[in-house]
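To be precise, the following lines are start.csv, and they hold CSV, C-alpha atoms and all ligand atoms.
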chain,number,residue,atom,x,y,z
A,340,MET,CA,-91.0,29.5,-5.1
A,341,TYR,CA,-93.5,26.8,-5.8
A,342,ARG,CA,-95.0,28.8,-8.6
A,343,PHE,CA,-91.5,29.3,-10.1
A,344,TYR,CA,-90.8,25.5,-10.2
A,345,PHE,CA,-94.3,24.9,-11.4
A,346,SER,CA,-94.0,27.2,-14.4
A,347,ILE,CA,-90.5,25.8,-15.3
A,348,PHE,CA,-91.8,22.3,-15.0
A,349,LYS,CA,-94.8,23.1,-17.2
A,350,ARG,CA,-92.9,25.0,-19.8
A,351,LYS,CA,-89.7,23.0,-20.2
A,352,PHE,CA,-90.9,19.5,-19.5
A,353,SER,CA,-94.2,19.4,-21.2
A,354,ASN,CA,-93.7,15.7,-21.9
A,355,LEU,CA,-93.7,14.9,-18.1
A,356,SER,CA,-96.6,14.9,-15.8
A,357,PHE,CA,-97.5,13.7,-12.2
A,358,HIS,CA,-99.7,10.7,-11.7
A,359,HIS,CA,-101.7,9.8,-8.6
A,360,PRO,CA,-99.8,6.9,-7.1
A,361,ARG,CA,-101.7,3.6,-7.8
A,362,THR,CA,-102.2,1.9,-4.5
A,363,ASP,CA,-104.8,-0.6,-5.5
A,364,THR,CA,-102.9,-3.1,-7.5
A,365,CYS,CA,-101.8,-6.6,-6.7
A,366,LYS,CA,-99.7,-9.4,-8.3
A,367,THR,CA,-102.5,-10.3,-10.7
A,368,CYS,CA,-103.1,-6.7,-11.8
A,369,ASP,CA,-99.4,-6.1,-12.4
A,370,LEU,CA,-99.0,-9.2,-14.4
A,371,LEU,CA,-102.0,-8.6,-16.6
A,372,ASN,CA,-101.2,-4.9,-17.0
A,373,ILE,CA,-97.7,-5.8,-18.3
A,374,LYS,CA,-99.2,-8.3,-20.7
A,375,ILE,CA,-101.6,-5.7,-22.0
A,376,LYS,CA,-98.9,-3.1,-22.3
A,377,ALA,CA,-96.7,-5.5,-24.3
A,378,ASN,CA,-99.6,-6.5,-26.6
A,379,PRO,CA,-102.5,-3.9,-26.6
A,380,ASN,CA,-104.6,-6.4,-28.6
A,381,ASP,CA,-104.5,-9.1,-25.9
A,382,LYS,CA,-108.2,-9.4,-25.4
A,383,GLU,CA,-108.0,-12.3,-23.1
A,384,SER,CA,-105.8,-10.4,-20.6
A,385,LYS,CA,-108.1,-7.4,-20.8
A,386,ARG,CA,-111.1,-9.6,-20.0
A,387,LYS,CA,-109.3,-11.2,-17.1
A,388,LEU,CA,-108.3,-7.8,-15.7
A,389,ASP,CA,-111.8,-6.5,-16.0
A,390,LEU,CA,-113.2,-9.6,-14.2
A,391,HIS,CA,-110.5,-9.3,-11.5
A,392,HIS,CA,-111.4,-5.7,-10.8
A,393,ARG,CA,-115.1,-6.5,-10.7
A,394,GLN,CA,-114.5,-9.3,-8.2
A,395,ALA,CA,-112.4,-7.0,-6.0
A,396,GLU,CA,-115.1,-4.3,-6.1
A,397,LYS,CA,-117.9,-6.8,-5.4
A,398,ALA,CA,-116.0,-8.0,-2.3
A,399,MET,CA,-115.7,-4.4,-1.0
A,400,ASN,CA,-119.4,-3.8,-1.7
A,401,THR,CA,-120.4,-6.9,0.1
A,402,MET,CA,-118.5,-5.8,3.2
A,403,LYS,CA,-120.1,-2.4,3.1
A,404,GLU,CA,-123.5,-4.0,2.7
A,405,ASP,CA,-122.8,-6.3,5.7
A,406,HIS,CA,-121.9,-3.3,7.8
A,407,CYS,CA,-125.1,-1.5,6.8
A,408,LEU,CA,-127.3,-4.5,7.4
A,409,SER,CA,-125.8,-5.1,10.8
A,410,GLN,CA,-126.9,-1.5,11.8
A,411,LEU,CA,-130.6,-2.3,11.3
A,412,PRO,CA,-132.4,-2.4,14.6
A,413,LEU,CA,-133.6,-6.0,14.2
A,414,SER,CA,-130.4,-7.4,12.8
A,415,GLY,CA,-129.1,-10.5,14.4
A,416,THR,CA,-125.7,-10.2,12.8
A,417,CYS,CA,-122.6,-8.5,14.1
A,418,SER,CA,-120.1,-7.5,11.4
A,419,ILE,CA,-116.5,-6.6,12.1
A,420,SER,CA,-113.3,-6.1,10.1
A,421,ILE,CA,-109.9,-6.9,11.5
A,422,ASP,CA,-106.3,-6.0,10.6
A,423,LEU,CA,-102.9,-5.1,12.0
A,424,GLN,CA,-101.7,-1.6,11.4
A,425,GLN,CA,-98.3,-1.0,10.0
A,426,VAL,CA,-95.6,-1.0,12.7
A,427,LEU,CA,-95.5,2.1,14.7
A,428,SER,CA,-91.8,2.9,15.6
A,429,LEU,CA,-90.9,4.8,18.8
A,430,PRO,CA,-89.5,7.3,19.7
A,431,ALA,CA,-90.4,9.6,16.9
A,432,LEU,CA,-87.4,11.9,17.2
A,433,THR,CA,-86.1,13.8,14.2
A,434,HIS,CA,-82.5,14.7,14.8
A,435,GLY,CA,-79.9,13.3,12.4
A,436,GLN,CA,-78.5,10.6,14.5
A,437,MET,CA,-82.0,8.9,14.8
A,438,PHE,CA,-81.6,7.9,11.2
A,439,TYR,CA,-79.0,5.3,12.3
A,440,LEU,CA,-80.7,4.0,15.4
A,441,ARG,CA,-83.2,1.1,15.4
A,442,GLN,CA,-86.5,1.9,17.1
A,443,LEU,CA,-88.9,0.1,19.3
A,444,SER,CA,-91.7,-1.5,17.2
A,445,CYS,CA,-95.2,-1.1,18.5
A,446,TYR,CA,-98.1,-3.1,17.1
A,447,ASN,CA,-101.7,-2.0,16.9
A,448,PHE,CA,-104.4,-4.4,16.0
A,449,GLY,CA,-107.7,-2.9,15.0
A,450,ILE,CA,-111.3,-4.2,15.0
A,451,HIS,CA,-113.8,-2.0,13.3
A,452,VAL,CA,-117.4,-2.8,14.4
A,453,GLY,CA,-119.8,-2.3,11.5
A,454,ASP,CA,-122.9,-2.3,13.8
A,455,THR,CA,-121.8,0.8,15.7
A,456,ASN,CA,-119.1,2.2,13.4
A,457,LYS,CA,-116.6,2.0,16.3
A,458,GLY,CA,-112.9,1.4,16.1
A,459,LEU,CA,-111.4,-0.9,18.8
A,460,MET,CA,-107.6,-0.7,19.0
A,461,HIS,CA,-105.3,-3.2,20.7
A,462,LEU,CA,-101.8,-2.0,21.4
A,463,TRP,CA,-98.6,-3.8,22.5
A,464,HIS,CA,-94.9,-3.7,21.7
A,465,GLU,CA,-92.2,-6.1,20.7
A,466,GLY,CA,-90.8,-6.3,24.2
A,467,ILE,CA,-94.0,-8.1,25.1
A,468,THR,CA,-94.4,-10.5,22.2
A,469,GLY,CA,-94.4,-10.6,18.4
A,470,ARG,CA,-97.2,-10.2,15.9
A,471,GLY,CA,-98.3,-13.6,14.5
A,472,GLY,CA,-101.6,-15.5,14.4
A,473,ASN,CA,-101.6,-16.2,18.2
A,474,GLU,CA,-101.4,-12.5,19.0
A,475,ILE,CA,-104.2,-11.6,16.5
A,476,ALA,CA,-106.5,-14.4,17.8
A,477,SER,CA,-105.8,-13.2,21.4
A,478,CYS,CA,-106.9,-9.6,20.6
A,479,VAL,CA,-110.0,-10.9,18.9
A,480,LEU,CA,-110.9,-13.1,21.8
A,481,LYS,CA,-110.3,-10.4,24.4
A,482,THR,CA,-112.7,-8.1,22.5
A,483,LEU,CA,-115.4,-10.7,21.8
A,484,LEU,CA,-115.4,-11.9,25.4
A,485,SER,CA,-115.8,-8.3,26.7
A,486,GLY,CA,-119.4,-8.7,25.7
A,487,PHE,CA,-119.7,-5.9,23.2
A,488,THR,CA,-122.4,-7.8,21.2
A,489,LYS,CA,-125.2,-10.1,22.2
A,490,LYS,CA,-125.9,-11.0,18.6
A,491,GLN,CA,-125.8,-14.7,17.5
A,492,LYS,CA,-124.2,-14.4,14.1
A,493,LEU,CA,-120.7,-12.9,13.5
A,494,VAL,CA,-119.2,-11.9,10.2
A,495,VAL,CA,-115.5,-11.2,10.2
A,496,TRP,CA,-113.9,-9.4,7.3
A,497,SER,CA,-110.1,-9.7,6.9
A,498,ASP,CA,-107.5,-9.5,4.2
A,499,ASN,CA,-105.7,-12.5,2.8
A,500,CYS,CA,-102.7,-12.5,5.0
A,501,VAL,CA,-102.3,-16.2,6.0
A,502,GLY,CA,-99.7,-15.5,8.7
A,503,GLN,CA,-101.8,-13.1,10.7
A,504,ASN,CA,-105.5,-12.9,9.7
A,505,LYS,CA,-106.4,-16.2,8.1
A,506,ASN,CA,-105.1,-19.4,9.6
A,507,LYS,CA,-105.8,-22.4,11.8
A,508,MET,CA,-105.3,-20.3,14.9
A,509,LEU,CA,-108.3,-18.1,14.0
A,510,LEU,CA,-110.2,-21.1,12.8
A,511,PHE,CA,-109.7,-22.8,16.2
A,512,LEU,CA,-111.0,-19.6,17.8
A,513,TRP,CA,-114.1,-19.6,15.7
A,514,ILE,CA,-114.8,-23.2,16.6
A,515,TYR,CA,-114.0,-22.6,20.3
A,516,LEU,CA,-116.5,-19.7,20.4
A,517,VAL,CA,-119.4,-21.6,18.8
A,518,THR,CA,-118.9,-24.7,21.0
A,519,LYS,CA,-118.8,-22.4,24.1
A,520,GLY,CA,-122.1,-20.9,22.9
A,521,TYR,CA,-120.9,-17.3,22.3
A,522,PHE,CA,-122.2,-17.4,18.8
A,523,GLN,CA,-124.5,-19.6,16.7
A,524,GLU,CA,-122.6,-19.0,13.5
A,525,ILE,CA,-119.3,-17.3,12.5
A,526,ASN,CA,-118.3,-16.4,9.0
A,527,GLN,CA,-114.9,-15.2,8.0
A,528,GLU,CA,-114.8,-13.6,4.6
A,529,VAL,CA,-111.7,-12.4,2.8
A,530,LEU,CA,-111.2,-9.3,0.6
A,531,MET,CA,-108.8,-9.6,-2.3
A,532,SER,CA,-105.2,-8.8,-1.3
A,533,GLY,CA,-103.9,-5.6,-2.8
A,534,HIS,CA,-107.5,-4.3,-3.2
A,535,SER,CA,-108.6,-4.6,0.4
A,536,ILE,CA,-109.5,-1.4,2.0
A,537,LEU,CA,-111.1,-2.7,5.2
A,538,SER,CA,-113.1,-0.4,7.4
A,539,CYS,CA,-110.3,-0.8,10.0
A,540,ASP,CA,-107.7,0.4,7.5
A,541,ARG,CA,-109.7,3.7,7.3
A,542,ASP,CA,-109.3,3.9,11.1
A,543,PHE,CA,-105.6,3.4,10.7
A,544,ALA,CA,-105.4,6.3,8.2
A,545,HIS,CA,-106.7,8.7,10.9
A,546,ILE,CA,-104.1,7.5,13.3
A,547,GLU,CA,-101.3,7.8,10.7
A,548,LYS,CA,-102.4,11.3,9.9
A,549,ARG,CA,-102.4,12.3,13.5
A,550,LYS,CA,-99.0,10.6,14.1
A,551,ARG,CA,-97.4,12.9,11.5
A,552,VAL,CA,-98.2,16.0,13.5
A,553,GLU,CA,-98.0,14.7,17.0
A,554,LYS,CA,-94.7,13.2,18.1
A,555,CYS,CA,-94.7,10.1,20.3
A,556,GLU,CA,-91.8,9.0,22.5
A,557,VAL,CA,-93.1,6.1,24.6
A,558,PRO,CA,-95.9,3.6,24.1
A,559,PHE,CA,-98.2,5.5,26.4
A,560,ASP,CA,-98.0,8.5,24.1
A,561,LEU,CA,-99.4,6.2,21.4
A,562,VAL,CA,-102.4,5.4,23.6
A,563,ARG,CA,-103.2,9.0,24.0
A,564,LEU,CA,-102.6,9.7,20.3
A,565,ILE,CA,-104.9,6.9,19.2
A,566,ALA,CA,-107.6,7.7,21.8
A,567,THR,CA,-107.8,11.3,20.6
A,568,ALA,CA,-107.2,10.8,16.8
A,569,THR,CA,-110.9,11.0,16.0
A,570,PRO,CA,-112.6,13.2,18.6
A,571,ASN,CA,-116.1,12.9,17.2
A,572,ASN,CA,-116.1,9.1,17.4
A,573,PRO,CA,-113.1,8.2,19.6
A,574,PHE,CA,-111.4,4.8,19.3
A,575,THR,CA,-111.3,2.5,22.3
A,576,VAL,CA,-107.7,1.5,23.2
A,577,THR,CA,-106.8,-1.7,25.0
A,578,LEU,CA,-103.3,-2.1,26.2
A,579,MET,CA,-102.5,-5.8,25.7
A,580,GLN,CA,-100.5,-7.4,28.5
A,581,ALA,CA,-98.5,-10.6,28.4
A,582,GLU,CA,-101.3,-12.5,30.2
A,583,ASP,CA,-103.8,-11.6,27.5
A,584,PHE,CA,-102.0,-13.7,24.9
A,585,PHE,CA,-102.9,-17.3,24.4
A,586,ASP,CA,-101.3,-20.2,22.4
A,587,PHE,CA,-104.0,-20.9,19.9
A,588,LYS,CA,-101.4,-22.7,17.7
A,589,ALA,CA,-100.8,-25.3,20.4
A,590,ALA,CA,-104.6,-25.7,20.9
A,591,ALA,CA,-105.2,-26.0,17.1
A,592,ASP,CA,-102.3,-28.5,16.6
A,593,LEU,CA,-103.7,-30.7,19.4
A,594,THR,CA,-107.3,-30.8,18.1
A,595,LEU,CA,-107.6,-29.9,14.5
A,596,ASN,CA,-106.5,-31.3,11.2
A,597,THR,CA,-106.9,-28.5,8.7
A,598,THR,CA,-104.9,-29.7,5.6
A,599,ARG,CA,-108.1,-30.5,3.6
A,600,THR,CA,-109.6,-27.0,4.2
A,601,LYS,CA,-106.8,-25.4,2.2
A,602,ILE,CA,-107.2,-22.2,4.3
A,603,SER,CA,-104.7,-20.3,2.2
A,604,THR,CA,-107.0,-20.3,-0.8
A,605,ALA,CA,-110.3,-20.1,1.0
A,606,LYS,CA,-112.3,-16.9,0.7
A,607,TRP,CA,-115.2,-17.8,2.9
A,608,ILE,CA,-115.0,-19.9,6.1
A,609,GLN,CA,-118.1,-20.8,8.1
A,610,VAL,CA,-118.5,-22.6,11.4
A,611,SER,CA,-121.7,-23.2,13.2
A,612,ALA,CA,-122.8,-24.3,16.6
A,613,ASP,CA,-125.0,-27.0,15.1
A,614,ASN,CA,-122.0,-29.0,14.0
A,615,PRO,CA,-118.8,-27.4,15.0
A,616,LYS,CA,-116.5,-30.1,13.7
A,617,GLN,CA,-117.8,-29.5,10.2
A,618,VAL,CA,-116.2,-26.4,8.6
A,619,LYS,CA,-117.7,-25.0,5.5
A,620,ILE,CA,-115.4,-23.5,2.8
A,621,ARG,CA,-116.0,-21.5,-0.3
A,622,GLU,CA,-113.2,-20.4,-2.7
A,623,THR,CA,-115.1,-17.3,-3.8
A,624,LEU,CA,-117.5,-14.9,-2.1
A,625,ASN,CA,-120.2,-16.1,-4.4
A,626,GLU,CA,-123.3,-17.3,-2.5
A,627,MET,CA,-124.2,-19.6,-5.4
A,628,GLU,CA,-121.0,-21.6,-4.9
A,629,ALA,CA,-121.6,-24.9,-3.2
A,630,TRP,CA,-120.0,-25.3,0.3
A,631,LYS,CA,-117.2,-27.7,0.7
A,632,ASN,CA,-117.9,-29.5,4.1
A,633,ILE,CA,-114.8,-30.6,5.9
A,634,ASN,CA,-114.5,-32.4,9.2
A,635,VAL,CA,-111.5,-30.8,10.9
A,636,PHE,CA,-111.6,-32.6,14.3
A,637,LYS,CA,-108.7,-35.0,15.0
A,638,LYS,CA,-109.6,-38.5,16.1
A,639,ASN,CA,-110.9,-38.7,19.7
A,640,VAL,CA,-111.6,-35.0,19.7
A,641,THR,CA,-115.2,-34.1,20.5
A,642,GLU,CA,-117.3,-31.0,20.8
A,643,GLN,CA,-117.2,-31.5,24.5
A,644,SER,CA,-113.4,-31.7,24.7
A,645,ILE,CA,-113.1,-28.4,22.8
A,646,ARG,CA,-115.7,-26.8,25.1
A,647,ASP,CA,-113.8,-27.9,28.2
A,648,MET,CA,-110.5,-27.0,26.8
A,649,VAL,CA,-108.3,-24.4,28.6
A,650,VAL,CA,-106.3,-22.7,25.9
A,651,PRO,CA,-102.7,-22.4,27.3
A,652,GLN,CA,-101.1,-19.0,27.9
A,653,LEU,CA,-98.7,-17.9,25.2
A,654,ASN,CA,-95.1,-18.2,26.3
A,655,CYS,CA,-94.4,-14.5,25.5
A,656,GLN,CA,-90.9,-13.8,24.3
A,657,ASN,CA,-89.3,-10.5,24.3
A,658,GLN,CA,-88.7,-9.9,20.6
A,659,ILE,CA,-86.2,-7.1,21.0
A,660,LYS,CA,-83.0,-8.3,19.4
A,661,GLU,CA,-79.7,-8.0,21.4
A,662,ASN,CA,-78.2,-5.7,18.8
A,663,LYS,CA,-81.2,-3.4,19.0
A,664,LYS,CA,-80.9,-2.9,22.8
A,665,PRO,CA,-77.9,-0.4,22.7
A,666,ASP,CA,-79.9,1.7,20.2
A,667,LEU,CA,-82.9,1.8,22.4
A,668,ARG,CA,-80.7,2.7,25.4
A,669,ALA,CA,-79.2,5.5,23.4
A,670,VAL,CA,-82.5,7.2,23.0
A,671,LEU,CA,-83.4,6.8,26.7
A,672,PRO,CA,-82.4,10.4,27.5
A,673,PHE,CA,-85.1,11.7,25.2
A,701,ZN,ZN,-105.4,-6.9,-8.5
Reformat the file's structure so that it appears as structure tokens.
Ligand SMILES: [Zn+2]
Amino acid sequence: MYRFYFSIFKRKFSNLSFHHPRTDTCKTCDLLNIKIKANPNDKESKRKLDLHHRQAEKAMNTMKEDHCLSQLPLSGTCSISIDLQQVLSLPALTHGQMFYLRQLSCYNFGIHVGDTNKGLMHLWHEGITGRGGNEIASCVLKTLLSGFTKKQKLVVWSDNCVGQNKNKMLLFLWIYLVTKGYFQEINQEVLMSGHSILSCDRDFAHIEKRKRVEKCEVPFDLVRLIATATPNNPFTVTLMQAEDFFDFKAAADLTLNTTRTKISTAKWIQVSADNPKQVKIRETLNEMEAWKNINVFKKNVTEQSIRDMVVPQLNCQNQIKENKKPDLRAVLPF
């Protein structure tokens, strides 16, 4: 049958063909591509697009290099990449009625450790809490405090998503960790959005692939699926409980003034134990760019007060909307 369609398609529609879907584009690419299409002689746009692609590639290569360097026996740097996987919906039933029912959203936050090439997964669902900056920072804290590295320097790679992976909640966490003496220096570096294939995204691809063949009904099925998705180098799965989540936003609002850091456009953020109140910012990943030094502590806040601070627990709210509940009850028999 396939051959039949194939031959018809080739013979009768020779003007059509299949392209590989382009996944690595962003707003900038699309805009420049349209300009070039409208005016093929637009040299300026061509030059900009070329530079843009080279910058994206350079960022990816720098991340790979960081991962490789951190694997050297004498390396004092731990390199990780962090991201939230696309929502995993449960249950994965296929009968017709499922099409009209809303499902339970499960969240998986991944940390890929470059040093050991290990994927660490953190799983929870919307009945526990949502998926904002507080939740992300809490997962990172839980893993970093589990003592998986003794190294003094940490490099964190993330994408550009301000709501989740790059914000004052994470900045507070970095400052908190250096004042507490867990690290001497922490760098957060950002890949270009639309072009970022973080090492943790590759881990997610394995999980997605597995999810297509293995059906999951309840969150615990997901744990099993993730834990067995890559048998040769299995992921570690942590089930996040309500008490694991902390209110980093409250802590940051109380102590930091980050307006001058312009976190949304920063590409490289560095905090160091030598002077935790001074945050260093670069707008590119270029090592030649001069750091912008910004004092982020509010008046009366000292290193000591951050060190002694107890970050409050997050007041976890069940995020399941009222109108979704009957749908979830309807799938209970399954
Ligand atoms: Zn682009």
Each residue of chain A with at least one atom at most 8 Å from ligand ZN 701 (chain A) should appear once, together with its nearest atom pair and the corresponding distance in Å (one decimal); atoms considered: only C-alpha atoms and all ligand atoms; ordering: chain, then increasing residue number; output as a tab-separated table.
residue	atom	partner	partner_atom	distance
A:Asp363	CA	A:ZN701	ZN	7.0
A:Thr364	CA	A:ZN701	ZN	4.7
A:Cys365	CA	A:ZN701	ZN	4.0
A:Lys366	CA	A:ZN701	ZN	6.2
A:Thr367	CA	A:ZN701	ZN	5.0
A:Cys368	CA	A:ZN701	ZN	4.0
A:Asp369	CA	A:ZN701	ZN	7.2
A:Leu388	CA	A:ZN701	ZN	7.8
A:His391	CA	A:ZN701	ZN	6.4
A:His392	CA	A:ZN701	ZN	6.5
A:Ala395	CA	A:ZN701	ZN	7.4
A:Met531	CA	A:ZN701	ZN	7.6
A:Ser532	CA	A:ZN701	ZN	7.4
A:Gly533	CA	A:ZN701	ZN	6.0
A:His534	CA	A:ZN701	ZN	6.3
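Of the residues under consideration (A:Thr518, A:Thr567, A:Asn506, A:Asn473), A:Thr518 shows the shortest atom-to-atom contact distance to Met648 of chain A when counting only C-alpha atoms.
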Which is closest to Val426 of chain A among A:Gly469, A:Gly453, A:Leu459, A:Met508, if we use only C-alpha atoms? A:Gly469
Close residues, Lys457 of chain A itself excluded, 8 Å, only C-alpha atoms, min 5 positions apart in chain, as a ChimeraX atom specification: /A:451-452,572-574
Selection to disk with C-alpha atoms, as a PDB file, keeping the file's coordinate frame:
ATOM      1  CA  HIS A 451    -113.800  -2.000  13.300  1.00  0.00           C
ATOM      2  CA  VAL A 452    -117.400  -2.800  14.400  1.00  0.00           C
ATOM      3  CA  ASN A 572    -116.100   9.100  17.400  1.00  0.00           C
ATOM      4  CA  PRO A 573    -113.100   8.200  19.600  1.00  0.00           C
ATOM      5  CA  PHE A 574    -111.400   4.800  19.300  1.00  0.00           C
TER       6      PHE A 574
END
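Note that the spacing between atom CA of Arg549 of chain A and atom CA of Ser420 of chain A amounts to 21.7 Å.
For the set A:Asn654, A:Ser346, A:Thr468, A:Ser409, the residue with the smallest atom-to-atom gap to Asp586 of chain A is A:Asn654, counting all atoms listed in the file.
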12 Å contact set for Arg563 of chain A, all atoms listed in the file, chain neighbours under 6 positions out, as a ChimeraX atom specification: /A:460,462,546,549-550,553-557,569-570,573-578
Answer as a PyMOL selection string, residues within 12 Å of (-109.8, -7.4, 9.8) using only C-alpha atoms: chain A and resi 402+418-424+448-453+458-460+475-476+478-479+494-500+503-505+509+527-530+535-543
Could you save those same residues with C-alpha atoms as an mmCIF file, keeping the file's coordinate frame?
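Writing done, so here's out_2.cif:
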data_model
loop_
_atom_site.group_PDB
_atom_site.id
_atom_site.type_symbol
_atom_site.label_atom_id
_atom_site.label_comp_id
_atom_site.auth_asym_id
_atom_site.auth_seq_id
_atom_site.Cartn_x
_atom_site.Cartn_y
_atom_site.Cartn_z
ATOM 1 C CA MET A 402 -118.500 -5.800 3.200
ATOM 2 C CA SER A 418 -120.100 -7.500 11.400
ATOM 3 C CA ILE A 419 -116.500 -6.600 12.100
ATOM 4 C CA SER A 420 -113.300 -6.100 10.100
ATOM 5 C CA ILE A 421 -109.900 -6.900 11.500
ATOM 6 C CA ASP A 422 -106.300 -6.000 10.600
ATOM 7 C CA LEU A 423 -102.900 -5.100 12.000
ATOM 8 C CA GLN A 424 -101.700 -1.600 11.400
ATOM 9 C CA PHE A 448 -104.400 -4.400 16.000
ATOM 10 C CA GLY A 449 -107.700 -2.900 15.000
ATOM 11 C CA ILE A 450 -111.300 -4.200 15.000
ATOM 12 C CA HIS A 451 -113.800 -2.000 13.300
ATOM 13 C CA VAL A 452 -117.400 -2.800 14.400
ATOM 14 C CA GLY A 453 -119.800 -2.300 11.500
ATOM 15 C CA GLY A 458 -112.900 1.400 16.100
ATOM 16 C CA LEU A 459 -111.400 -0.900 18.800
ATOM 17 C CA MET A 460 -107.600 -0.700 19.000
ATOM 18 C CA ILE A 475 -104.200 -11.600 16.500
ATOM 19 C CA ALA A 476 -106.500 -14.400 17.800
ATOM 20 C CA CYS A 478 -106.900 -9.600 20.600
ATOM 21 C CA VAL A 479 -110.000 -10.900 18.900
ATOM 22 C CA VAL A 494 -119.200 -11.900 10.200
ATOM 23 C CA VAL A 495 -115.500 -11.200 10.200
ATOM 24 C CA TRP A 496 -113.900 -9.400 7.300
ATOM 25 C CA SER A 497 -110.100 -9.700 6.900
ATOM 26 C CA ASP A 498 -107.500 -9.500 4.200
ATOM 27 C CA ASN A 499 -105.700 -12.500 2.800
ATOM 28 C CA CYS A 500 -102.700 -12.500 5.000
ATOM 29 C CA GLN A 503 -101.800 -13.100 10.700
ATOM 30 C CA ASN A 504 -105.500 -12.900 9.700
ATOM 31 C CA LYS A 505 -106.400 -16.200 8.100
ATOM 32 C CA LEU A 509 -108.300 -18.100 14.000
ATOM 33 C CA GLN A 527 -114.900 -15.200 8.000
ATOM 34 C CA GLU A 528 -114.800 -13.600 4.600
ATOM 35 C CA VAL A 529 -111.700 -12.400 2.800
ATOM 36 C CA LEU A 530 -111.200 -9.300 0.600
ATOM 37 C CA SER A 535 -108.600 -4.600 0.400
ATOM 38 C CA ILE A 536 -109.500 -1.400 2.000
ATOM 39 C CA LEU A 537 -111.100 -2.700 5.200
ATOM 40 C CA SER A 538 -113.100 -0.400 7.400
ATOM 41 C CA CYS A 539 -110.300 -0.800 10.000
ATOM 42 C CA ASP A 540 -107.700 0.400 7.500
ATOM 43 C CA ARG A 541 -109.700 3.700 7.300
ATOM 44 C CA ASP A 542 -109.300 3.900 11.100
ATOM 45 C CA PHE A 543 -105.600 3.400 10.700
#
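Restricting the calculation to only C-alpha atoms, the smallest distance between Ala398 of chain A and any of A:Leu483, A:Leu624, A:Leu653, A:Leu512 is found for A:Leu624.
Pairwise distance (atom CA of Ala605 of chain A, atom CA of Thr641 of chain A) equals 24.5 Å.
Picture a line from atom CA of Lys519 of chain A to atom CA of Ser611 of chain A; it runs 11.3 Å.
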Which residues are close to Asn526 of chain A, i.e. within 8 Å by all atoms listed in the file, leaving aside same-chain residues fewer than 3 positions away? Reply as a ChimeraX atom specification. /A:493-495,607-610
Which residues come within 12 Å of Gln643 of chain A, counting only C-alpha atoms, excluding same-chain residues fewer than 2 positions away, as a ChimeraX atom specification? /A:514-515,517-520,594,614-616,636,639-641,645-648
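Closest approach to Gly472 of chain A from the set A:Arg621, A:Lys492, A:Arg599, A:Lys507 is made by A:Lys507, with distances taken over only C-alpha atoms.
In terms of minimum interatomic distance to Leu561 of chain A, A:Ser428 ranks closest within A:Thr597, A:Asn354, A:Thr416, A:Ser428, counting all atoms listed in the file.
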List as a short mmCIF file (atom, residue, chain, number, x, y, z; two decimals) with C-alpha atoms, keeping the file's coordinate frame the residues having at least one atom at most 10 Å from position (-120.3, -3.8, 23.2) as given in the file, counting all atoms listed in the file.
data_model
loop_
_atom_site.label_atom_id
_atom_site.label_comp_id
_atom_site.auth_asym_id
_atom_site.auth_seq_id
_atom_site.Cartn_x
_atom_site.Cartn_y
_atom_site.Cartn_z
CA VAL A 452 -117.40 -2.80 14.40
CA ASP A 454 -122.90 -2.30 13.80
CA THR A 455 -121.80 0.80 15.70
CA LYS A 457 -116.60 2.00 16.30
CA THR A 482 -112.70 -8.10 22.50
CA LEU A 483 -115.40 -10.70 21.80
CA LEU A 484 -115.40 -11.90 25.40
CA SER A 485 -115.80 -8.30 26.70
CA GLY A 486 -119.40 -8.70 25.70
CA PHE A 487 -119.70 -5.90 23.20
CA THR A 488 -122.40 -7.80 21.20
CA LYS A 489 -125.20 -10.10 22.20
#
